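Just coords-v5.txt here, compact mmCIF, C-alpha atoms:
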# COMPACT_ATOMS: atom_id res chain seq x y z
CA MET H 1 -17.64 19.93 12.53
CA LYS H 2 -17.15 19.06 16.20
CA THR H 3 -15.23 15.82 16.57
CA LYS H 4 -14.17 13.94 19.68
CA PHE H 5 -11.01 12.60 18.06
CA LYS H 6 -8.25 13.88 15.80
CA ILE H 7 -5.59 12.25 13.61
CA ASN H 8 -3.23 9.90 15.46
CA ASP H 9 -5.39 9.75 18.61
CA SER H 10 -5.30 6.33 20.24
CA ILE H 11 -8.75 4.77 20.27
CA ILE H 12 -10.46 1.58 21.31
CA VAL H 13 -13.55 0.25 19.52
CA ASP H 14 -16.43 -0.34 21.90
CA ASP H 15 -17.02 -4.01 22.62
CA ARG H 16 -20.80 -3.83 22.97
CA VAL H 17 -23.24 -6.09 21.17
CA SER H 18 -25.52 -4.65 18.52
CA THR H 19 -28.82 -6.21 17.59
CA SER H 20 -29.83 -4.17 14.59
CA HIS H 21 -28.08 -2.94 11.43
CA CYS H 22 -24.61 -1.62 12.15
CA ARG H 23 -21.41 -1.02 10.16
CA THR H 24 -18.91 -1.96 12.86
CA PRO H 25 -17.81 -5.54 12.10
CA SER H 26 -17.71 -7.80 15.17
CA TYR H 27 -14.05 -8.75 14.64
CA ILE H 28 -12.85 -5.19 15.31
CA ARG H 29 -14.82 -4.59 18.52
CA GLY H 30 -12.65 -4.22 21.59
CA LYS H 31 -9.52 -3.65 19.48
CA GLU H 32 -7.06 -0.79 19.92
CA GLY H 33 -5.88 1.43 17.11
CA ILE H 34 -5.31 5.01 16.03
CA VAL H 35 -7.29 7.53 14.00
CA GLU H 36 -5.90 7.57 10.45
CA ARG H 37 -8.12 10.44 9.24
CA VAL H 38 -11.39 12.21 9.94
CA CYS H 39 -13.69 11.45 6.99
CA GLY H 40 -16.40 14.03 7.64
CA GLU H 41 -19.97 13.77 8.88
CA PHE H 42 -22.49 11.26 7.64
CA PRO H 43 -26.03 10.19 8.55
CA ASN H 44 -26.02 7.38 11.11
CA PRO H 45 -26.53 4.13 9.14
CA GLU H 46 -28.10 2.46 12.18
CA GLU H 47 -30.93 5.01 11.95
CA ILE H 48 -31.19 5.12 8.14
CA ALA H 49 -31.63 1.34 8.11
CA LEU H 50 -34.71 1.71 10.30
CA SER H 51 -36.14 4.36 7.92
CA TYR H 52 -35.78 7.33 10.33
CA ASP H 53 -36.95 10.55 8.68
CA ASN H 54 -34.16 12.65 10.18
CA PRO H 55 -31.19 10.45 11.05
CA SER H 56 -28.54 12.10 13.20
CA ILE H 57 -25.41 13.33 11.41
CA ILE H 58 -22.27 11.95 13.03
CA PRO H 59 -18.48 12.03 12.45
CA LEU H 60 -16.85 9.12 10.68
CA TYR H 61 -13.20 8.16 11.13
CA ARG H 62 -10.79 5.87 9.33
CA CYS H 63 -8.94 3.90 11.97
CA ARG H 64 -5.71 1.93 11.66
CA PHE H 65 -5.02 -1.31 13.52
CA LYS H 66 -1.99 -3.55 13.70
CA GLN H 67 -2.96 -6.96 12.35
CA ALA H 68 -0.98 -8.68 15.11
CA HIS H 69 -3.25 -6.89 17.63
CA VAL H 70 -6.48 -7.73 15.82
CA TRP H 71 -5.96 -11.48 15.43
CA LYS H 72 -4.54 -13.67 18.20
CA ASN H 73 -2.85 -16.04 15.79
CA TYR H 74 -1.99 -13.68 12.97
CA LYS H 75 0.49 -15.50 10.77
CA GLY H 76 1.52 -12.60 8.53
CA SER H 77 4.16 -9.99 9.11
CA ASN H 78 4.33 -7.78 12.23
CA ILE H 79 4.21 -4.67 10.04
CA ASP H 80 0.85 -5.56 8.43
CA THR H 81 -2.05 -3.23 9.11
CA LEU H 82 -5.82 -3.05 8.68
CA GLU H 83 -7.86 0.11 8.15
CA LEU H 84 -11.58 0.62 8.35
CA GLU H 85 -14.21 3.25 8.94
CA ILE H 86 -15.81 3.63 12.35
CA TYR H 87 -18.54 6.05 13.38
CA GLU H 88 -17.83 8.16 16.45
CA HIS H 89 -20.33 6.51 18.79
CA TRP H 90 -18.36 3.24 18.49
CA LEU H 91 -15.05 4.79 19.56
CA LYS H 92 -13.63 5.42 23.03
CA LYS H 93 -10.44 7.19 24.10
CA LYS H 94 -7.74 4.74 25.02
CA MET U 1 -18.27 -13.32 25.89
CA SER U 2 -16.98 -15.43 23.06
CA LYS U 3 -16.60 -13.88 19.61
CA ILE U 4 -19.44 -15.84 18.06
CA TYR U 5 -22.11 -14.05 20.11
CA LYS U 6 -20.92 -10.67 18.95
CA LYS U 7 -21.60 -11.52 15.30
CA MET U 8 -24.40 -9.38 14.01
CA GLY U 9 -25.73 -11.94 11.56
CA PRO U 10 -24.86 -14.15 8.64
CA HIS U 11 -23.32 -11.22 6.76
CA ASP U 12 -20.71 -10.41 9.42
CA VAL U 13 -18.07 -12.84 8.12
CA GLY U 14 -14.72 -11.06 8.64
CA GLY U 15 -12.23 -13.41 10.30
CA GLU U 16 -14.01 -16.69 9.58
CA ASN U 17 -12.05 -19.64 8.30
CA SER U 18 -13.22 -20.48 4.86
CA ILE U 19 -12.50 -22.35 1.69
CA PRO U 20 -10.25 -21.29 -1.23
CA ILE U 21 -11.68 -18.49 -3.35
CA ASP U 22 -13.46 -19.41 -6.58
CA LEU U 23 -11.81 -17.04 -9.05
CA ASN U 24 -14.34 -17.65 -11.82
CA ASP U 25 -16.27 -14.55 -12.71
CA PRO U 26 -19.03 -15.55 -15.10
CA GLU U 27 -20.72 -12.93 -17.27
CA MET U 28 -23.88 -11.57 -15.62
CA THR U 29 -27.20 -12.82 -16.99
CA HIS U 30 -29.82 -10.37 -18.19
CA TRP U 31 -31.93 -10.89 -15.06
CA GLU U 32 -28.95 -10.22 -12.83
CA LYS U 33 -28.24 -7.00 -14.71
CA TYR U 34 -31.89 -6.01 -14.44
CA ALA U 35 -32.08 -6.75 -10.71
CA ASN U 36 -28.85 -4.84 -10.13
CA ALA U 37 -30.03 -1.84 -12.15
CA LEU U 38 -33.36 -1.68 -10.31
CA ARG U 39 -31.64 -1.75 -6.92
CA ILE U 40 -29.21 1.00 -7.90
CA VAL U 41 -31.94 3.20 -9.42
CA VAL U 42 -34.11 2.84 -6.32
CA SER U 43 -31.27 3.64 -3.91
CA SER U 44 -29.78 6.49 -5.96
CA LYS U 45 -33.21 8.14 -6.05
CA ARG U 46 -33.40 7.61 -2.29
CA ILE U 47 -36.74 5.82 -2.63
CA ILE U 48 -35.17 3.14 -0.47
CA THR U 49 -31.75 3.71 1.06
CA LEU U 50 -28.75 1.41 0.80
CA ASP U 51 -28.79 0.84 4.56
CA GLU U 52 -32.47 -0.18 4.50
CA LEU U 53 -31.61 -2.67 1.76
CA ARG U 54 -28.62 -3.97 3.73
CA TYR U 55 -30.65 -4.29 6.93
CA HIS U 56 -33.42 -6.27 5.27
CA THR U 57 -30.86 -8.52 3.57
CA GLU U 58 -29.20 -9.20 6.92
CA LYS U 59 -32.59 -10.09 8.42
CA LEU U 60 -33.07 -12.95 5.93
CA GLY U 61 -31.37 -15.24 8.48
CA ASP U 62 -30.39 -18.71 7.23
CA ALA U 63 -31.68 -17.89 3.75
CA TYR U 64 -28.85 -15.35 3.45
CA PHE U 65 -26.32 -17.86 2.14
CA GLU U 66 -28.87 -20.28 0.72
CA ILE U 67 -29.99 -17.97 -2.05
CA GLY U 68 -27.86 -16.04 -4.52
CA TYR U 69 -26.70 -12.45 -4.26
CA PHE U 70 -29.24 -10.92 -6.64
CA GLU U 71 -32.13 -12.98 -5.32
CA ARG U 72 -31.25 -11.81 -1.82
CA ASN U 73 -31.30 -8.17 -2.97
CA CYS U 74 -34.62 -8.68 -4.70
CA LEU U 75 -36.24 -10.30 -1.68
CA SER U 76 -35.10 -7.53 0.67
CA LEU U 77 -36.32 -4.88 -1.79
CA HIS U 78 -39.73 -6.58 -1.90
CA ASN U 79 -39.93 -6.81 1.90
CA ILE U 80 -39.13 -3.10 2.27
CA CYS U 81 -41.75 -2.16 -0.35
CA LEU U 82 -44.36 -4.06 1.67
CA ASN U 83 -43.16 -2.46 4.93
CA LYS U 84 -43.24 1.03 3.48
CA ASN U 85 -46.62 0.47 1.81
CA ILE U 86 -45.20 1.15 -1.65
CA TYR U 87 -47.52 -1.69 -2.62
CA GLY U 88 -49.49 -4.48 -0.99
CA GLN U 89 -48.98 -8.23 -1.43
CA GLU U 90 -52.18 -8.53 -3.46
CA LEU U 91 -51.15 -6.01 -6.11
CA PHE U 92 -47.68 -7.55 -6.26
CA ASN U 93 -49.09 -11.07 -6.83
CA GLU U 94 -51.37 -9.77 -9.56
CA VAL U 95 -48.57 -7.96 -11.44
CA LYS U 96 -46.18 -10.88 -11.02
CA LEU U 97 -48.70 -13.31 -12.54
CA LYS U 98 -49.04 -10.96 -15.49
CA LYS U 99 -45.26 -10.83 -15.91
CA VAL U 100 -44.97 -14.63 -15.84
CA ALA U 101 -47.76 -14.93 -18.42
CA GLU U 102 -46.02 -12.46 -20.73
CA PHE U 103 -42.93 -14.61 -20.67
CA ASP U 104 -44.77 -17.87 -21.29
CA VAL U 105 -44.22 -18.07 -25.03
CA PRO U 106 -44.75 -21.35 -26.88
CA LYS U 107 -41.60 -23.34 -27.55
CA ILE U 108 -40.57 -23.55 -31.18
CA ASP U 109 -37.94 -25.62 -32.93
CA LEU U 110 -34.97 -23.42 -33.62
CA PRO U 111 -32.74 -24.26 -36.58
CA ASP U 112 -29.36 -25.83 -35.87
CA PRO U 113 -27.04 -22.79 -35.85
CA LYS U 114 -24.29 -24.83 -37.50
CA LYS U 115 -26.50 -25.42 -40.51
CA ILE U 116 -27.41 -21.79 -41.07
CA GLU U 117 -25.88 -20.75 -44.35
CA HIS U 118 -26.38 -17.40 -45.98
CA LEU U 119 -24.62 -14.87 -48.16
CA HIS U 120 -22.16 -12.30 -46.85
CA ASP U 121 -21.34 -9.85 -49.66
CA GLY U 122 -22.42 -12.46 -52.15
CA VAL U 123 -20.19 -15.16 -50.65
CA PRO U 124 -21.82 -18.22 -49.00
CA HIS U 125 -21.07 -18.13 -45.29
CA SER U 126 -21.89 -20.65 -42.60
CA HIS U 127 -21.95 -19.99 -38.89
CA GLU U 128 -20.22 -21.87 -36.09
CA GLN U 129 -21.92 -22.80 -32.83
CA SER U 130 -19.66 -20.30 -31.07
CA ASP U 131 -21.24 -17.42 -33.00
CA PHE U 132 -24.40 -17.84 -30.94
CA GLN U 133 -24.88 -17.07 -27.31
CA GLU U 134 -26.90 -19.65 -25.48
CA ASP U 135 -28.06 -20.16 -21.96
CA GLU U 136 -25.82 -22.79 -20.34
CA THR U 137 -28.71 -24.67 -18.80
CA GLY U 138 -31.29 -23.98 -21.47
CA GLU U 139 -33.65 -22.87 -18.74
CA GLY U 140 -35.69 -19.69 -18.54
CA PRO U 141 -35.21 -16.90 -16.03
CA PRO U 142 -35.33 -17.64 -12.30
CA ASP U 143 -38.47 -16.86 -10.31
CA TYR U 144 -36.93 -13.79 -8.69
CA TYR U 145 -36.67 -12.15 -12.14
CA PHE U 146 -40.47 -11.99 -12.24
CA ASP U 147 -40.43 -10.51 -8.73
CA THR U 148 -38.01 -7.88 -9.99
CA LEU U 149 -40.14 -7.15 -13.06
CA ALA U 150 -43.23 -6.81 -10.88
CA ILE U 151 -41.52 -4.46 -8.41
CA ALA U 152 -40.24 -2.35 -11.31
CA GLU U 153 -43.63 -2.20 -13.04
CA ILE U 154 -45.42 -1.09 -9.88
CA MET U 155 -42.78 1.57 -9.18
CA ILE U 156 -43.02 2.81 -12.77
CA SER U 157 -46.84 2.98 -12.61
CA LYS U 158 -46.57 5.05 -9.42
CA GLY U 159 -44.15 7.46 -11.09
CA LEU U 160 -41.30 6.63 -8.71
CA ILE U 161 -38.95 5.48 -11.46
CA THR U 162 -39.06 5.16 -15.25
CA LYS U 163 -38.32 2.35 -17.66
CA GLU U 164 -35.55 4.53 -19.07
CA ASP U 165 -33.89 4.83 -15.64
CA ILE U 166 -33.40 1.06 -15.57
CA ALA U 167 -32.26 0.82 -19.20
CA GLN U 168 -29.79 3.65 -18.63
CA LYS U 169 -28.37 1.97 -15.53
CA ILE U 170 -27.89 -1.35 -17.32
CA ASP U 171 -26.11 0.50 -20.12
CA GLN U 172 -23.87 2.42 -17.71
CA PHE U 173 -22.84 -0.80 -15.93
CA ASP U 174 -22.09 -2.46 -19.28
CA ASN U 175 -20.41 0.37 -21.13
CA VAL U 176 -19.48 3.32 -18.93
CA PHE U 177 -18.56 2.44 -15.34
CA PRO U 178 -15.98 -0.33 -16.07
CA ASN U 179 -13.90 2.10 -18.16
CA ARG U 180 -13.76 5.05 -15.80
CA GLY U 181 -11.23 3.60 -13.35
CA LYS U 182 -8.95 2.69 -16.26
CA THR U 183 -9.14 6.24 -17.64
CA VAL U 184 -8.33 7.69 -14.22
CA VAL U 185 -5.33 5.40 -13.70
CA ALA U 186 -3.96 6.09 -17.20
CA ARG U 187 -4.16 9.81 -16.44
CA ALA U 188 -2.41 9.35 -13.08
CA TRP U 189 0.34 7.34 -14.84
CA SER U 190 0.81 10.18 -17.35
CA ASP U 191 0.46 13.29 -15.22
CA GLN U 192 2.29 13.69 -11.88
CA ASN U 193 0.15 16.64 -10.78
CA PHE U 194 -3.04 14.70 -11.40
CA ARG U 195 -1.58 11.74 -9.50
CA LYS U 196 -0.92 13.96 -6.46
CA TYR U 197 -4.41 15.47 -6.64
CA LEU U 198 -5.96 11.99 -6.97
CA ILE U 199 -4.19 10.75 -3.85
CA LYS U 200 -5.12 13.91 -1.92
CA ASP U 201 -8.77 14.22 -2.96
CA ALA U 202 -9.85 11.49 -5.37
CA LYS U 203 -13.46 12.51 -5.91
CA SER U 204 -12.53 16.10 -6.84
CA ALA U 205 -9.62 15.01 -9.04
CA ILE U 206 -11.88 12.55 -10.90
CA SER U 207 -14.55 15.22 -11.29
CA ASP U 208 -11.90 17.59 -12.67
CA ILE U 209 -11.29 15.32 -15.66
CA GLY U 210 -15.01 15.34 -16.44
CA ILE U 211 -16.12 12.16 -14.66
CA LYS U 212 -19.01 12.94 -12.32
CA LEU U 213 -19.50 9.91 -10.11
CA GLU U 214 -23.15 9.10 -9.39
CA THR U 215 -22.47 8.16 -5.79
CA PHE U 216 -23.08 9.58 -2.32
CA ALA U 217 -19.91 7.95 -1.04
CA ASP U 218 -16.50 9.58 -0.98
CA VAL U 219 -13.56 8.05 -2.86
CA ILE U 220 -10.09 7.43 -1.47
CA CYS U 221 -7.13 6.53 -3.68
CA MET U 222 -4.30 4.45 -2.21
CA PRO U 223 -1.12 4.18 -4.32
CA GLN U 224 0.74 0.86 -4.34
CA SER U 225 4.38 1.40 -3.34
CA PRO U 226 7.55 -0.69 -2.86
CA GLN U 227 6.92 -0.54 0.91
CA THR U 228 3.16 -1.16 1.09
CA HIS U 229 0.67 -3.41 -0.72
CA HIS U 230 -2.96 -2.26 -0.52
CA ILE U 231 -5.94 -4.58 -0.92
CA VAL U 232 -9.68 -3.86 -0.59
CA VAL U 233 -12.51 -5.99 0.79
CA CYS U 234 -15.98 -5.41 2.21
CA THR U 235 -16.51 -7.93 5.00
CA LEU U 236 -20.12 -6.89 5.72
CA CYS U 237 -21.61 -6.81 2.22
CA SER U 238 -20.18 -5.79 -1.16
CA CYS U 239 -19.20 -2.10 -0.95
CA TYR U 240 -17.27 -1.35 -4.13
CA PRO U 241 -16.68 1.76 -6.26
CA ARG U 242 -19.29 0.64 -8.82
CA THR U 243 -19.50 3.98 -10.65
CA LEU U 244 -15.73 3.82 -11.16
CA LEU U 245 -15.11 0.10 -11.77
CA GLY U 246 -18.50 -1.39 -12.71
CA MET U 247 -19.92 -4.46 -11.00
CA PRO U 248 -17.75 -6.23 -8.46
CA PRO U 249 -16.55 -9.64 -9.68
CA SER U 250 -18.21 -12.75 -8.19
CA TRP U 251 -15.23 -13.52 -5.96
CA TYR U 252 -15.35 -10.04 -4.40
CA LYS U 253 -18.90 -10.79 -3.20
CA SER U 254 -18.05 -14.34 -2.08
CA ARG U 255 -18.06 -15.47 1.52
CA SER U 256 -14.52 -16.86 1.23
CA TYR U 257 -12.93 -13.63 -0.04
CA ARG U 258 -14.84 -11.49 2.44
CA SER U 259 -14.07 -13.64 5.46
CA ARG U 260 -10.41 -14.37 4.70
CA VAL U 261 -8.77 -11.19 3.36
CA VAL U 262 -8.84 -9.44 6.72
CA HIS U 263 -7.01 -12.20 8.63
CA GLU U 264 -4.86 -13.96 6.02
CA PRO U 265 -4.21 -11.44 3.23
CA ARG U 266 -0.93 -13.07 2.10
CA LYS U 267 -2.62 -16.44 1.54
CA VAL U 268 -5.49 -14.82 -0.33
CA LEU U 269 -3.12 -12.76 -2.50
CA ALA U 270 -1.14 -15.91 -3.31
CA GLU U 271 -4.35 -17.47 -4.66
CA PHE U 272 -4.46 -14.57 -7.13
CA GLY U 273 -0.81 -15.24 -8.00
CA THR U 274 0.44 -12.23 -6.06
CA ILE U 275 3.34 -13.00 -3.76
CA VAL U 276 4.07 -10.28 -1.21
CA PRO U 277 7.37 -10.61 0.67
CA GLU U 278 7.34 -10.67 4.49
CA ASN U 279 9.22 -7.37 4.72
CA LYS U 280 6.56 -5.50 2.73
CA GLU U 281 3.56 -4.20 4.68
CA ILE U 282 0.14 -5.41 3.62
CA LYS U 283 -2.57 -2.89 4.34
CA VAL U 284 -6.10 -4.26 4.17
CA HIS U 285 -8.91 -1.77 3.67
CA ASP U 286 -12.24 -3.09 4.93
CA SER U 287 -14.61 -0.88 2.95
CA ASN U 288 -17.48 -0.87 5.42
CA ALA U 289 -19.14 2.55 5.47
CA ASP U 290 -19.16 5.76 3.41
CA MET U 291 -15.76 5.58 1.66
CA ARG U 292 -14.97 3.68 -1.54
CA TYR U 293 -11.44 2.73 -2.53
CA LEU U 294 -9.40 2.93 -5.71
CA ILE U 295 -5.98 1.29 -5.59
CA LEU U 296 -3.46 2.97 -7.88
CA PRO U 297 -1.06 0.38 -9.36
CA PRO U 298 2.51 1.25 -10.37
CA ARG U 299 3.02 2.10 -14.03
CA PRO U 300 4.73 -0.80 -15.82
CA SER U 301 8.30 0.03 -16.80
CA ASN U 302 8.01 -0.97 -20.45
CA THR U 303 5.48 1.76 -21.28
CA ASP U 304 7.72 4.77 -21.92
CA GLY U 305 6.22 7.10 -24.48
CA TRP U 306 2.78 5.47 -24.39
CA ASN U 307 -0.22 7.81 -24.55
CA GLU U 308 -3.16 7.67 -22.14
CA ASP U 309 -5.31 5.68 -24.52
CA GLN U 310 -2.64 2.99 -24.87
CA LEU U 311 -2.06 2.95 -21.11
CA SER U 312 -5.76 2.64 -20.25
CA LYS U 313 -5.92 -0.58 -22.30
CA ILE U 314 -3.44 -2.36 -20.01
CA VAL U 315 -5.16 -1.32 -16.76
CA GLU U 316 -6.96 -4.32 -15.32
CA ARG U 317 -9.76 -4.31 -12.78
CA ASP U 318 -7.84 -6.64 -10.45
CA TYR U 319 -5.05 -4.04 -10.07
CA LEU U 320 -7.58 -1.47 -8.89
CA VAL U 321 -8.88 -3.74 -6.11
CA GLY U 322 -5.32 -4.63 -5.14
CA VAL U 323 -5.43 -8.39 -5.73
CA ARG U 324 -2.86 -8.24 -8.52
CA LEU U 325 -0.03 -5.98 -9.68
CA PRO U 326 0.97 -5.27 -13.29
CA ASP U 327 3.90 -7.49 -14.35
Whole structure, structure tokens version:
Amino acid sequence: MKTKFKINDSIIVDDRVSTSHCRTPSYIRGKEGIVERVCGEFPNPEEIALSYDNPSIIPLYRCRFKQAHVWKNYKGSNIDTLELEIYEHWLKKK
Amino acid sequence: MSKIYKKMGPHDVGGENSIPIDLNDPEMTHWEKYANALRIVVSSKRIITLDELRYHTEKLGDAYFEIGYFERNCLSLHNICLNKNIYGQELFNEVKLKKVAEFDVPKIDLPDPKKIEHLHDGVPHSHEQSDFQEDETGEGPPDYYFDTLAIAEIMISKGLITKEDIAQKIDQFDNVFPNRGKTVVARAWSDQNFRKYLIKDAKSAISDIGIKLETFADVICMPQSPQTHHIVVCTLCSCYPRTLLGMPPSWYKSRSYRSRVVHEPRKVLAEFGTIVPENKEIKVHDSNADMRYLILPPRPSNTDGWNEDQLSKIVERDYLVGVRLPD
């Protein structure tokens, strides 16, 4: 499996707008984090949703974000974190 | 560009301000179980994929939050069937009418359950109202149930699925899936090596004790610890380890839980009676793609010498989602 990122790499989630089905929630776009683990390769959900016969197989990562960086007015503790899965084409090197 | 324009649709709720969570989790009706089973059978056979179903649900627009969860699923399933020429509207209408007619039985006067008296082992025995299950509203099934029946009948007649597939899925959701997570946790509480394996590679560890999960997704186990509190949500839909925990409770699928957990987890946890101190990290897992999450609660201290069967009986679903901890 050829992956662009490895564990602990600093990443930034692309801030682009999507118009179709996509698994990158809007609240995490443009946010900085690190790669928590490489999950493996999975068919691209954006293509499966549109009934593609042969969707491309792409790497999926679990990424970790500091809550205080995700939300401007985060009222919890500074040590709180958020983790979610992001497909490679939504990630950029920081 | 302001945040609002980036939202993909009505389903993309993470970070919204919302109302307190309704913690009621009413028992599913038969039509909800049927609709759920059909959807799972169809997606596990890859007749229609989960992402196609999600996409067509998201496209419902304003109707998304105006109709219920199962009705939404049913409508998107129907739209995809039309799109993929699994059937045409005409055939669907015809079969649906037949299904409605089959259900249209004449009303009869039922006896008052409280007055039913009969013999049990030769002893007269009368029943209480509470011995009988009744529909709260006294109304028949909702319209979407007939849609679901029609979709199922057409798919069965085309050989895509069988009647038994649906019956088996309903049975698994009632009797098999809700117990698996409890069995796994009881084993992890009893066996340190299994616990380590579960945390390293949950799907393989679970398979090793004879539980073959009927899911394409991978499973990740996160152990609760004195330093970190884990909690799971799916902000985009209702991703949940169904083959390990059964159906997600109503609140897990609710807009308020989904929108709030990611940005105010302490407040949400407090609504479940779980107070997490400021110096303990809260880690929120937004289950949004191909992983499913099992939270491993700490073993209660007063359980020394208990066997796995005894332990599994005190494992509660809420612990495994991370909204509560054992006392």
Please determine the contact residues of chain U with respect to chain H at a cut-off of 10 Å, counting only C-alpha atoms, and supply them as a PyMOL selection string.
-> chain U and resi 1+3-9+11-16+48-56+58-59+80+84+217-218+228-232+234-237+262-267+277-291
Residue nearest Cys74 of chain U - candidates U:Leu149, U:Leu311, U:Ile154, U:Met28, atoms counted: all atoms listed in the file =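 The shortest atom-to-atom distance to Cys74 of chain U comes from U:Leu149.
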Which is closer to Val233 of chain U than all the others in U:Leu198, U:Leu97, U:Ile67, U:Val268, using only C-alpha atoms?
-> U:Val268
Between atom CA of Cys239 of chain U and atom CA of Asp14 of chain H - distance in Å to one decimal =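 These atoms are spaced 23.1 Å apart.
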At what distance in Å, to one decimal, does atom CA of Phe216 of chain U lie from atom CA of Val42 of chain U?
->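 Computing it gives 13.5 Å between the two atoms.
For the residues U:Asp309, U:Asp143, U:Asp304, U:Asp25, ranking by smallest atom-to-atom distance to Arg187 of chain U using only C-alpha atoms places U:Asp309 first.
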Of the candidates U:Met155, U:Val176, U:Leu294, U:Ile220, which one gets nearest to Arg37 of chain H if we count all atoms listed in the file?
-> U:Ile220
For Phe92 of chain U, work out the shell of residues within 12 Å, counting all atoms listed in the file and skipping chain neighbours fewer than 4 positions away, then give it as a ChimeraX atom specification.
-> /U:78-79,81-82,85-88,96-99,146-155
Interatomic distance between atom CA of Asp201 of chain U and atom CA of Asp171 of chain U?
->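 Separation between atom CA of Asp201 of chain U and atom CA of Asp171 of chain U: 28.0 Å.
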Any idea what's packed within 8 Å of Pro297 of chain U, counting only C-alpha atoms, ignoring anything in its chain fewer than 5 positions away? Could you give it as an mmCIF file with C-alpha atoms, in the coordinates of the input?
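Final output, saved to part-v7.cif:
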data_model
loop_
_atom_site.group_PDB
_atom_site.id
_atom_site.type_symbol
_atom_site.label_atom_id
_atom_site.label_comp_id
_atom_site.auth_asym_id
_atom_site.auth_seq_id
_atom_site.Cartn_x
_atom_site.Cartn_y
_atom_site.Cartn_z
ATOM 1 C CA VAL U 185 -5.330 5.400 -13.700
ATOM 2 C CA PRO U 223 -1.120 4.180 -4.320
ATOM 3 C CA GLN U 224 0.740 0.860 -4.340
ATOM 4 C CA TYR U 319 -5.050 -4.040 -10.070
ATOM 5 C CA LEU U 320 -7.580 -1.470 -8.890
ATOM 6 C CA GLY U 322 -5.320 -4.630 -5.140
ATOM 7 C CA LEU U 325 -0.030 -5.980 -9.680
ATOM 8 C CA PRO U 326 0.970 -5.270 -13.290
#
